[in-house]
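Worksheet: one structure, shown below.
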Amino acid sequence: MSLAGKVALVTGASRGIGQAIALELAAQGATVIGTATSDSGAEAITAYLKAAGAQGSGLRLNVTEEGACEALVAQIEKDFGGIAILVNNAGITRDNLLMRMKDEEWDAIMDTNLKPVYKLSKAVMRGMMKARWGRIINIASVVGATGNPGQTNYSAAKAALFGFTKSLAREIGSRGVTVNAVAPGFIDTDMTKVLPEEQKAALVQSIALGRLGEPKEIADAVGFLACDKAAYITGQTLHVNGGMYMN
Amino acid sequence: MENIEQRVKKIVAEQLGVPETDVKNESSFVNDLGADSLDTVELVMALEEEFECEIPDEEAEKITTVQQAIDYVSGNLDK
């Protein structure tokens with residue numbers, strides 16, 4: 001229970017990778033606050049945390065709402081204590097060929113996948129600096145490194161996380177706060193379920209391990225970076241993709 | 001109760017890890033006391049806590065010497 005007594009905030013935790021991360025951190029003893037965009041999503045998080053015998057709660061967060069990120073952090077600090085671990089996981093896709101891409105599709109990705117990473121990281125920083133201990137873990141994507149047709153917006157936002165991770169790691173390393181990214185490959189979640197079967201089959205061909213990943217396999221990497229065993233790792237991107245991309 | 005000047009100097013010394021005797025009114029955090037930009041941010045955080053106030057970013061950026069910190073706190077306390 002290496003994270004006992006620590007408060008973790010995981011965005012986009014109602015399902016998929018975020019849910020697996022929330023449960024992994026809870027299993028390590030952390031008090032976990034998971035966010036969802038709807039009240040029903042937040043209730044579902046509270047329910048699965050309770051079922052797992054974990055401390056914590058689901059809360060509603062609409063990252064695009066002005067002031068919402070700051071208000072959420074203030075509320076968590078008041079109700080649960082300072083946030084020691086922030087996992088920026090919430091993300092959406094709005095795939096389109098660039099020539100067909102609408103401004104709304106581009107902006108939706110930046111506003112949901114990138115801007116909240118800045119806002120939430122900034123909001124939790126004070127507490128982490130004071131505590132001289134903190135973990136910020138950004139969930140990026142393999143496509144941020146490899147590119148993917150139809151995902152100029154998504155891959156641009158994910159690649160941006162690599163640079164953000166490195167710069168912030170340099171900024172606050174001296175205060176005992178590490179900042180890392182985990183870049184999942186193709187993971188079996190609702191986000192990838194929408195892909196056509198032929199595309200999935202072709203994808204699997206390009207994966208050395210010959211299968212899609214499980215959310216738990218991403219959560220295990222996040223759980224490692226969050227715990228004290230990873231204290232000397234910062235500014236890194238850990239690629240968890242079954243050998244689909246090797247850097 | 002110590003006066004504001006003494007309290008400010010004590011916090012500056014603690015935050016920047018310098019002897020209190022080195023902390024003069026005219027000392028610049030960066031040029032004289034060896035602070036980097038992150039140290040100055042933390043120093044403002046410590047002042048906010050000591051004096052239970054909130055120093056807006058645009059004001060915080062203007063506080064670069066011990067005297068400026070004393071002046072800010074004196075001017076904004078009990079308002």
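Ordered as shown in the structure tokens, chains take letters A, B, and onward, while each chain numbers its residues from 1 and ligands are numbered from 1 in the order shown.
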For chain A against chain B, with a cut-off of 10 Å and counting only C-alpha atoms, what is the closest atom pair and its distance in Å to one decimal for every residue that makes the cut, ordered by chain and number, as CSV?
```
residue,atom,partner,partner_atom,distance
A:Arg126,CA,B:Met45,CA,8.1
A:Met129,CA,B:Glu42,CA,8.1
A:Lys130,CA,B:Glu42,CA,8.3
A:Glu171,CA,B:Leu38,CA,7.9
A:Ile172,CA,B:Leu38,CA,8.0
A:Ser174,CA,B:Leu38,CA,9.5
A:Arg175,CA,B:Leu38,CA,9.5
```
Within 12 Å of Ile45 (chain A), counting only C-alpha atoms, which residues qualify if same-chain residues fewer than 2 places away don't, as JSON, numbers by chain?
{"A": [10, 11, 12, 13, 14, 15, 16, 18, 19, 20, 21, 22, 23, 26, 32, 33, 34, 35, 36, 37, 38, 39, 40, 41, 42, 43, 47, 48, 49, 50, 51, 52, 54, 55, 56, 57, 58, 59, 60]}
(Q) With only C-alpha atoms as the counted atoms, please give the residues lying no more than 10 Å from Leu72 (chain A), apart from itself and same-chain residues fewer than 3 positions off, as a PyMOL selection string. (A) chain A and resi 9+35+59-63+67-69+75-78+120+123
Expected file contents, prior selection, N, CA and C atoms, as a PDB file, in the first residue's frame:
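That gives us out-v8.pdb:
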```pdb
ATOM      1  N   LEU A   9      -5.993  12.405  -8.186  1.00  0.00           N
ATOM      2  CA  LEU A   9      -7.067  12.905  -9.058  1.00  0.00           C
ATOM      3  C   LEU A   9      -6.863  12.328 -10.451  1.00  0.00           C
ATOM      4  N   THR A  35     -12.990  11.871 -12.184  1.00  0.00           N
ATOM      5  CA  THR A  35     -13.957  12.814 -12.745  1.00  0.00           C
ATOM      6  C   THR A  35     -14.620  12.227 -13.990  1.00  0.00           C
ATOM      7  N   LEU A  59     -16.547  12.766  -9.138  1.00  0.00           N
ATOM      8  CA  LEU A  59     -17.023  14.145  -9.180  1.00  0.00           C
ATOM      9  C   LEU A  59     -17.224  14.549 -10.638  1.00  0.00           C
ATOM     10  N   ARG A  60     -18.175  15.457 -10.864  1.00  0.00           N
ATOM     11  CA  ARG A  60     -18.424  15.914 -12.226  1.00  0.00           C
ATOM     12  C   ARG A  60     -17.428  17.017 -12.580  1.00  0.00           C
ATOM     13  N   LEU A  61     -16.842  16.920 -13.751  1.00  0.00           N
ATOM     14  CA  LEU A  61     -15.961  17.984 -14.224  1.00  0.00           C
ATOM     15  C   LEU A  61     -16.152  18.158 -15.722  1.00  0.00           C
ATOM     16  N   ASN A  62     -16.591  19.338 -16.094  1.00  0.00           N
ATOM     17  CA  ASN A  62     -16.610  19.691 -17.504  1.00  0.00           C
ATOM     18  C   ASN A  62     -15.404  20.584 -17.740  1.00  0.00           C
ATOM     19  N   VAL A  63     -14.352  19.997 -18.322  1.00  0.00           N
ATOM     20  CA  VAL A  63     -13.070  20.702 -18.412  1.00  0.00           C
ATOM     21  C   VAL A  63     -13.148  21.982 -19.237  1.00  0.00           C
ATOM     22  N   GLY A  67     -13.168  28.112 -15.270  1.00  0.00           N
ATOM     23  CA  GLY A  67     -12.973  28.039 -13.817  1.00  0.00           C
ATOM     24  C   GLY A  67     -13.256  26.680 -13.199  1.00  0.00           C
ATOM     25  N   ALA A  68     -13.699  25.716 -14.014  1.00  0.00           N
ATOM     26  CA  ALA A  68     -14.122  24.422 -13.455  1.00  0.00           C
ATOM     27  C   ALA A  68     -12.944  23.641 -12.863  1.00  0.00           C
ATOM     28  N   CYS A  69     -11.798  23.681 -13.547  1.00  0.00           N
ATOM     29  CA  CYS A  69     -10.641  22.910 -13.075  1.00  0.00           C
ATOM     30  C   CYS A  69     -10.162  23.448 -11.722  1.00  0.00           C
ATOM     31  N   GLN A  75     -12.053  22.257  -4.242  1.00  0.00           N
ATOM     32  CA  GLN A  75     -13.029  21.426  -3.514  1.00  0.00           C
ATOM     33  C   GLN A  75     -12.382  20.149  -2.978  1.00  0.00           C
ATOM     34  N   ILE A  76     -11.550  19.518  -3.814  1.00  0.00           N
ATOM     35  CA  ILE A  76     -10.889  18.278  -3.376  1.00  0.00           C
ATOM     36  C   ILE A  76      -9.953  18.566  -2.202  1.00  0.00           C
ATOM     37  N   GLU A  77      -9.208  19.675  -2.303  1.00  0.00           N
ATOM     38  CA  GLU A  77      -8.268  20.007  -1.224  1.00  0.00           C
ATOM     39  C   GLU A  77      -9.008  20.234   0.094  1.00  0.00           C
ATOM     40  N   LYS A  78     -10.195  20.822  -0.019  1.00  0.00           N
ATOM     41  CA  LYS A  78     -10.987  21.090   1.179  1.00  0.00           C
ATOM     42  C   LYS A  78     -11.560  19.791   1.755  1.00  0.00           C
ATOM     43  N   LEU A 120      -5.116  22.026 -14.859  1.00  0.00           N
ATOM     44  CA  LEU A 120      -5.096  21.173 -13.661  1.00  0.00           C
ATOM     45  C   LEU A 120      -3.695  21.070 -13.077  1.00  0.00           C
ATOM     46  N   ALA A 123      -3.060  24.107 -11.150  1.00  0.00           N
ATOM     47  CA  ALA A 123      -3.865  24.193  -9.929  1.00  0.00           C
ATOM     48  C   ALA A 123      -3.342  23.286  -8.811  1.00  0.00           C
TER      49      ALA A 123
END
```
Residue with the minimum atom-to-atom distance to Asp71 (chain B), picked from B:Glu50, B:Glu14, B:Asp39, B:Glu26 with only C-alpha atoms counted, is B:Glu26
CA of Gly213 (chain A) to CA of Ile187 (chain A) measures 4.3 Å
Residue neighbourhood region 214-227 of chain A, 9 Å, only C-alpha atoms, exclusion window fewer than 4 positions, as a compact mmCIF listing (two decimals) with C-alpha atoms, in the first residue's frame:
```
# COMPACT_ATOMS: atom_id res chain seq x y z
CA SER A 2 2.66 2.44 -1.07
CA LEU A 3 0.20 5.24 -1.80
CA GLY A 16 -11.78 2.57 -20.08
CA ILE A 17 -8.20 3.46 -19.23
CA GLY A 18 -9.20 6.10 -16.66
CA GLN A 19 -11.27 3.61 -14.69
CA ALA A 20 -8.43 1.08 -14.69
CA ILE A 21 -6.02 3.78 -13.48
CA ALA A 22 -8.38 4.86 -10.69
CA LEU A 23 -8.71 1.25 -9.50
CA GLU A 24 -4.96 0.64 -9.68
CA LEU A 25 -4.16 3.73 -7.59
CA GLN A 28 -2.15 0.90 -3.89
CA ILE A 85 -1.02 12.52 -7.76
CA VAL A 87 -3.40 11.78 -13.81
CA GLY A 134 4.07 15.01 -6.28
CA ARG A 135 3.33 13.02 -9.40
CA ILE A 136 1.85 14.38 -12.59
CA ILE A 137 1.19 11.70 -15.18
CA ILE A 139 -1.84 10.07 -20.72
CA THR A 178 8.00 14.22 -11.13
CA ASN A 180 5.89 11.85 -16.88
CA ALA A 181 3.73 10.69 -19.74
CA VAL A 182 2.37 7.28 -20.59
CA ALA A 183 1.66 6.74 -24.28
CA PRO A 184 -0.78 3.89 -24.81
CA PHE A 186 -4.19 0.56 -29.27
CA ILE A 187 -6.09 -0.41 -26.16
CA ASP A 188 -9.38 -2.28 -26.10
CA THR A 189 -11.73 0.51 -24.95
CA ALA A 231 11.12 8.48 -7.80
CA ILE A 233 12.13 8.98 -13.36
CA THR A 234 10.95 12.33 -14.68
CA LEU A 238 6.67 5.43 -21.17
CA VAL A 240 2.99 0.90 -23.58
CA ASN A 241 1.96 -0.38 -26.99
```
| said: Please list as a VMD selection string every residue within 9 Å of Val8 (chain B), counting only C-alpha atoms and excluding residues in the same chain fewer than 5 positions away. | reply: chain B and resid 3 13 47 50 66 69 to 70 73
Would you put the residues from that selection into a file with all heavy atoms, as a PDB file, in the first residue's frame?
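The file below, out-v9.pdb, is the result:
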```
ATOM      1  N   ASN B   3       7.040  42.478  14.654  1.00  0.00           N
ATOM      2  CA  ASN B   3       6.483  43.370  13.646  1.00  0.00           C
ATOM      3  C   ASN B   3       6.638  42.785  12.242  1.00  0.00           C
ATOM      4  O   ASN B   3       7.308  41.770  12.038  1.00  0.00           O
ATOM      5  CB  ASN B   3       7.085  44.781  13.768  1.00  0.00           C
ATOM      6  CG  ASN B   3       8.563  44.792  13.411  1.00  0.00           C
ATOM      7  OD1 ASN B   3       9.004  44.032  12.574  1.00  0.00           O
ATOM      8  ND2 ASN B   3       9.295  45.677  14.055  1.00  0.00           N
ATOM      9  N   ALA B  13      14.460  34.363   5.041  1.00  0.00           N
ATOM     10  CA  ALA B  13      15.627  33.564   5.442  1.00  0.00           C
ATOM     11  C   ALA B  13      15.311  32.074   5.389  1.00  0.00           C
ATOM     12  O   ALA B  13      16.090  31.270   4.859  1.00  0.00           O
ATOM     13  CB  ALA B  13      16.071  33.971   6.848  1.00  0.00           C
ATOM     14  N   LEU B  47       4.656  33.943   2.102  1.00  0.00           N
ATOM     15  CA  LEU B  47       4.165  35.219   2.633  1.00  0.00           C
ATOM     16  C   LEU B  47       2.642  35.212   2.724  1.00  0.00           C
ATOM     17  O   LEU B  47       2.058  35.678   3.704  1.00  0.00           O
ATOM     18  CB  LEU B  47       4.628  36.383   1.739  1.00  0.00           C
ATOM     19  CG  LEU B  47       6.134  36.704   1.777  1.00  0.00           C
ATOM     20  CD1 LEU B  47       6.489  37.684   0.671  1.00  0.00           C
ATOM     21  CD2 LEU B  47       6.552  37.257   3.133  1.00  0.00           C
ATOM     22  N   GLU B  50       1.762  33.185   5.815  1.00  0.00           N
ATOM     23  CA  GLU B  50       2.113  33.864   7.068  1.00  0.00           C
ATOM     24  C   GLU B  50       1.120  34.984   7.376  1.00  0.00           C
ATOM     25  O   GLU B  50       0.693  35.163   8.509  1.00  0.00           O
ATOM     26  CB  GLU B  50       3.540  34.423   6.977  1.00  0.00           C
ATOM     27  CG  GLU B  50       3.954  35.355   8.113  1.00  0.00           C
ATOM     28  CD  GLU B  50       4.170  34.632   9.444  1.00  0.00           C
ATOM     29  OE1 GLU B  50       4.320  33.402   9.433  1.00  0.00           O
ATOM     30  OE2 GLU B  50       4.176  35.320  10.495  1.00  0.00           O
ATOM     31  N   VAL B  66      13.352  42.646  -0.344  1.00  0.00           N
ATOM     32  CA  VAL B  66      12.784  42.491   0.993  1.00  0.00           C
ATOM     33  C   VAL B  66      11.888  43.699   1.328  1.00  0.00           C
ATOM     34  O   VAL B  66      10.777  43.540   1.829  1.00  0.00           O
ATOM     35  CB  VAL B  66      13.919  42.339   2.029  1.00  0.00           C
ATOM     36  CG1 VAL B  66      13.354  42.282   3.448  1.00  0.00           C
ATOM     37  CG2 VAL B  66      14.736  41.089   1.736  1.00  0.00           C
ATOM     38  N   ALA B  69       8.545  43.552  -0.280  1.00  0.00           N
ATOM     39  CA  ALA B  69       7.671  42.592   0.394  1.00  0.00           C
ATOM     40  C   ALA B  69       7.081  43.215   1.657  1.00  0.00           C
ATOM     41  O   ALA B  69       5.873  43.090   1.919  1.00  0.00           O
ATOM     42  CB  ALA B  69       8.446  41.317   0.735  1.00  0.00           C
ATOM     43  N   ILE B  70       7.935  43.898   2.415  1.00  0.00           N
ATOM     44  CA  ILE B  70       7.466  44.558   3.649  1.00  0.00           C
ATOM     45  C   ILE B  70       6.400  45.603   3.299  1.00  0.00           C
ATOM     46  O   ILE B  70       5.344  45.662   3.927  1.00  0.00           O
ATOM     47  CB  ILE B  70       8.648  45.223   4.393  1.00  0.00           C
ATOM     48  CG1 ILE B  70       9.621  44.134   4.888  1.00  0.00           C
ATOM     49  CG2 ILE B  70       8.147  46.086   5.556  1.00  0.00           C
ATOM     50  CD1 ILE B  70      10.968  44.677   5.336  1.00  0.00           C
ATOM     51  N   VAL B  73       3.043  43.956   2.211  1.00  0.00           N
ATOM     52  CA  VAL B  73       2.308  43.391   3.347  1.00  0.00           C
ATOM     53  C   VAL B  73       1.751  44.522   4.224  1.00  0.00           C
ATOM     54  O   VAL B  73       0.574  44.516   4.602  1.00  0.00           O
ATOM     55  CB  VAL B  73       3.205  42.444   4.170  1.00  0.00           C
ATOM     56  CG1 VAL B  73       2.494  42.009   5.444  1.00  0.00           C
ATOM     57  CG2 VAL B  73       3.588  41.224   3.344  1.00  0.00           C
TER      58      VAL B  73
END
```
Practice prompt. Grab the CA of Ala160 (chain A) to CA of Tyr118 (chain A) distance for me, in Å with one decimal place.
Written response: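 Atom-to-atom, CA of Ala160 (chain A) and CA of Tyr118 (chain A) are spaced 10.9 Å apart.
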Excluding Asn153 (chain A) and any residue of its chain fewer than 5 positions from it, enumerate the residues within 8 Å of it, using only C-alpha atoms, and give them as a CSV table (one decimal) with C-alpha atoms, in the first residue's frame.
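As written to disk, part.csv reads:
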```csv
chain,number,residue,atom,x,y,z
A,94,ARG,CA,-12.8,14.1,-33.4
A,95,ASP,CA,-11.2,12.3,-36.4
A,105,GLU,CA,-13.3,19.5,-34.4
A,106,TRP,CA,-9.8,21.0,-34.0
A,109,ILE,CA,-9.6,18.4,-29.2
A,110,MET,CA,-7.4,21.3,-27.9
```
### Message
If I take CA of Tyr72 (chain B) and CA of Asn31 (chain B), how far is one from the other in Å, to one decimal?
### Response
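These two atoms are separated by 19.8 Å.
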Who sits within 9 Å of region 15-24 of chain B, only C-alpha atoms, same chain under 2 positions skipped, as a PyMOL selection string = chain B and resi 9-13+26-29+32-35+39-40+42-43+46+66-67
Take the residues from that selection and write them out as a PDB file, in the first residue's frame, keeping N, CA and C atoms.
```pdb
ATOM      1  N   LYS B   9      11.332  39.115   7.153  1.00  0.00           N
ATOM      2  CA  LYS B   9      12.752  38.722   7.050  1.00  0.00           C
ATOM      3  C   LYS B   9      12.962  37.273   7.469  1.00  0.00           C
ATOM      4  N   LYS B  10      12.206  36.868   8.479  1.00  0.00           N
ATOM      5  CA  LYS B  10      12.327  35.493   8.960  1.00  0.00           C
ATOM      6  C   LYS B  10      11.899  34.511   7.858  1.00  0.00           C
ATOM      7  N   ILE B  11      10.799  34.838   7.196  1.00  0.00           N
ATOM      8  CA  ILE B  11      10.308  33.962   6.129  1.00  0.00           C
ATOM      9  C   ILE B  11      11.267  33.929   4.953  1.00  0.00           C
ATOM     10  N   VAL B  12      11.801  35.077   4.602  1.00  0.00           N
ATOM     11  CA  VAL B  12      12.759  35.134   3.501  1.00  0.00           C
ATOM     12  C   VAL B  12      13.964  34.243   3.816  1.00  0.00           C
ATOM     13  N   ALA B  13      14.460  34.363   5.041  1.00  0.00           N
ATOM     14  CA  ALA B  13      15.627  33.564   5.442  1.00  0.00           C
ATOM     15  C   ALA B  13      15.311  32.074   5.389  1.00  0.00           C
ATOM     16  N   GLU B  26      17.235  46.180   1.710  1.00  0.00           N
ATOM     17  CA  GLU B  26      17.464  46.452   0.284  1.00  0.00           C
ATOM     18  C   GLU B  26      17.841  45.190  -0.501  1.00  0.00           C
ATOM     19  N   SER B  27      17.941  44.044   0.183  1.00  0.00           N
ATOM     20  CA  SER B  27      18.353  42.808  -0.514  1.00  0.00           C
ATOM     21  C   SER B  27      17.372  42.435  -1.620  1.00  0.00           C
ATOM     22  N   SER B  28      17.940  42.140  -2.778  1.00  0.00           N
ATOM     23  CA  SER B  28      17.136  41.591  -3.877  1.00  0.00           C
ATOM     24  C   SER B  28      17.166  40.072  -3.750  1.00  0.00           C
ATOM     25  N   PHE B  29      15.974  39.454  -3.884  1.00  0.00           N
ATOM     26  CA  PHE B  29      15.901  37.993  -3.711  1.00  0.00           C
ATOM     27  C   PHE B  29      16.818  37.280  -4.697  1.00  0.00           C
ATOM     28  N   ASP B  32      20.864  39.276  -4.681  1.00  0.00           N
ATOM     29  CA  ASP B  32      21.658  39.248  -3.450  1.00  0.00           C
ATOM     30  C   ASP B  32      21.507  37.952  -2.666  1.00  0.00           C
ATOM     31  N   LEU B  33      20.340  37.332  -2.756  1.00  0.00           N
ATOM     32  CA  LEU B  33      20.083  36.183  -1.886  1.00  0.00           C
ATOM     33  C   LEU B  33      20.059  34.851  -2.638  1.00  0.00           C
ATOM     34  N   GLY B  34      20.387  34.907  -3.919  1.00  0.00           N
ATOM     35  CA  GLY B  34      20.573  33.659  -4.675  1.00  0.00           C
ATOM     36  C   GLY B  34      19.305  32.906  -5.039  1.00  0.00           C
ATOM     37  N   ALA B  35      18.172  33.607  -5.038  1.00  0.00           N
ATOM     38  CA  ALA B  35      16.921  32.926  -5.369  1.00  0.00           C
ATOM     39  C   ALA B  35      16.799  32.744  -6.879  1.00  0.00           C
ATOM     40  N   ASP B  39      12.015  29.889  -6.644  1.00  0.00           N
ATOM     41  CA  ASP B  39      12.139  30.284  -5.229  1.00  0.00           C
ATOM     42  C   ASP B  39      11.263  31.505  -4.927  1.00  0.00           C
ATOM     43  N   THR B  40      11.245  32.460  -5.860  1.00  0.00           N
ATOM     44  CA  THR B  40      10.466  33.678  -5.597  1.00  0.00           C
ATOM     45  C   THR B  40       8.964  33.363  -5.571  1.00  0.00           C
ATOM     46  N   GLU B  42       7.697  30.507  -4.566  1.00  0.00           N
ATOM     47  CA  GLU B  42       7.475  29.851  -3.272  1.00  0.00           C
ATOM     48  C   GLU B  42       7.506  30.852  -2.121  1.00  0.00           C
ATOM     49  N   LEU B  43       8.351  31.849  -2.270  1.00  0.00           N
ATOM     50  CA  LEU B  43       8.447  32.877  -1.235  1.00  0.00           C
ATOM     51  C   LEU B  43       7.122  33.629  -1.105  1.00  0.00           C
ATOM     52  N   ALA B  46       4.705  31.538   0.698  1.00  0.00           N
ATOM     53  CA  ALA B  46       4.960  31.535   2.146  1.00  0.00           C
ATOM     54  C   ALA B  46       4.471  32.824   2.796  1.00  0.00           C
ATOM     55  N   VAL B  66      13.352  42.646  -0.344  1.00  0.00           N
ATOM     56  CA  VAL B  66      12.784  42.491   0.993  1.00  0.00           C
ATOM     57  C   VAL B  66      11.888  43.699   1.328  1.00  0.00           C
ATOM     58  N   GLN B  67      12.375  44.899   1.008  1.00  0.00           N
ATOM     59  CA  GLN B  67      11.599  46.102   1.321  1.00  0.00           C
ATOM     60  C   GLN B  67      10.262  46.110   0.578  1.00  0.00           C
TER      61      GLN B  67
END
```
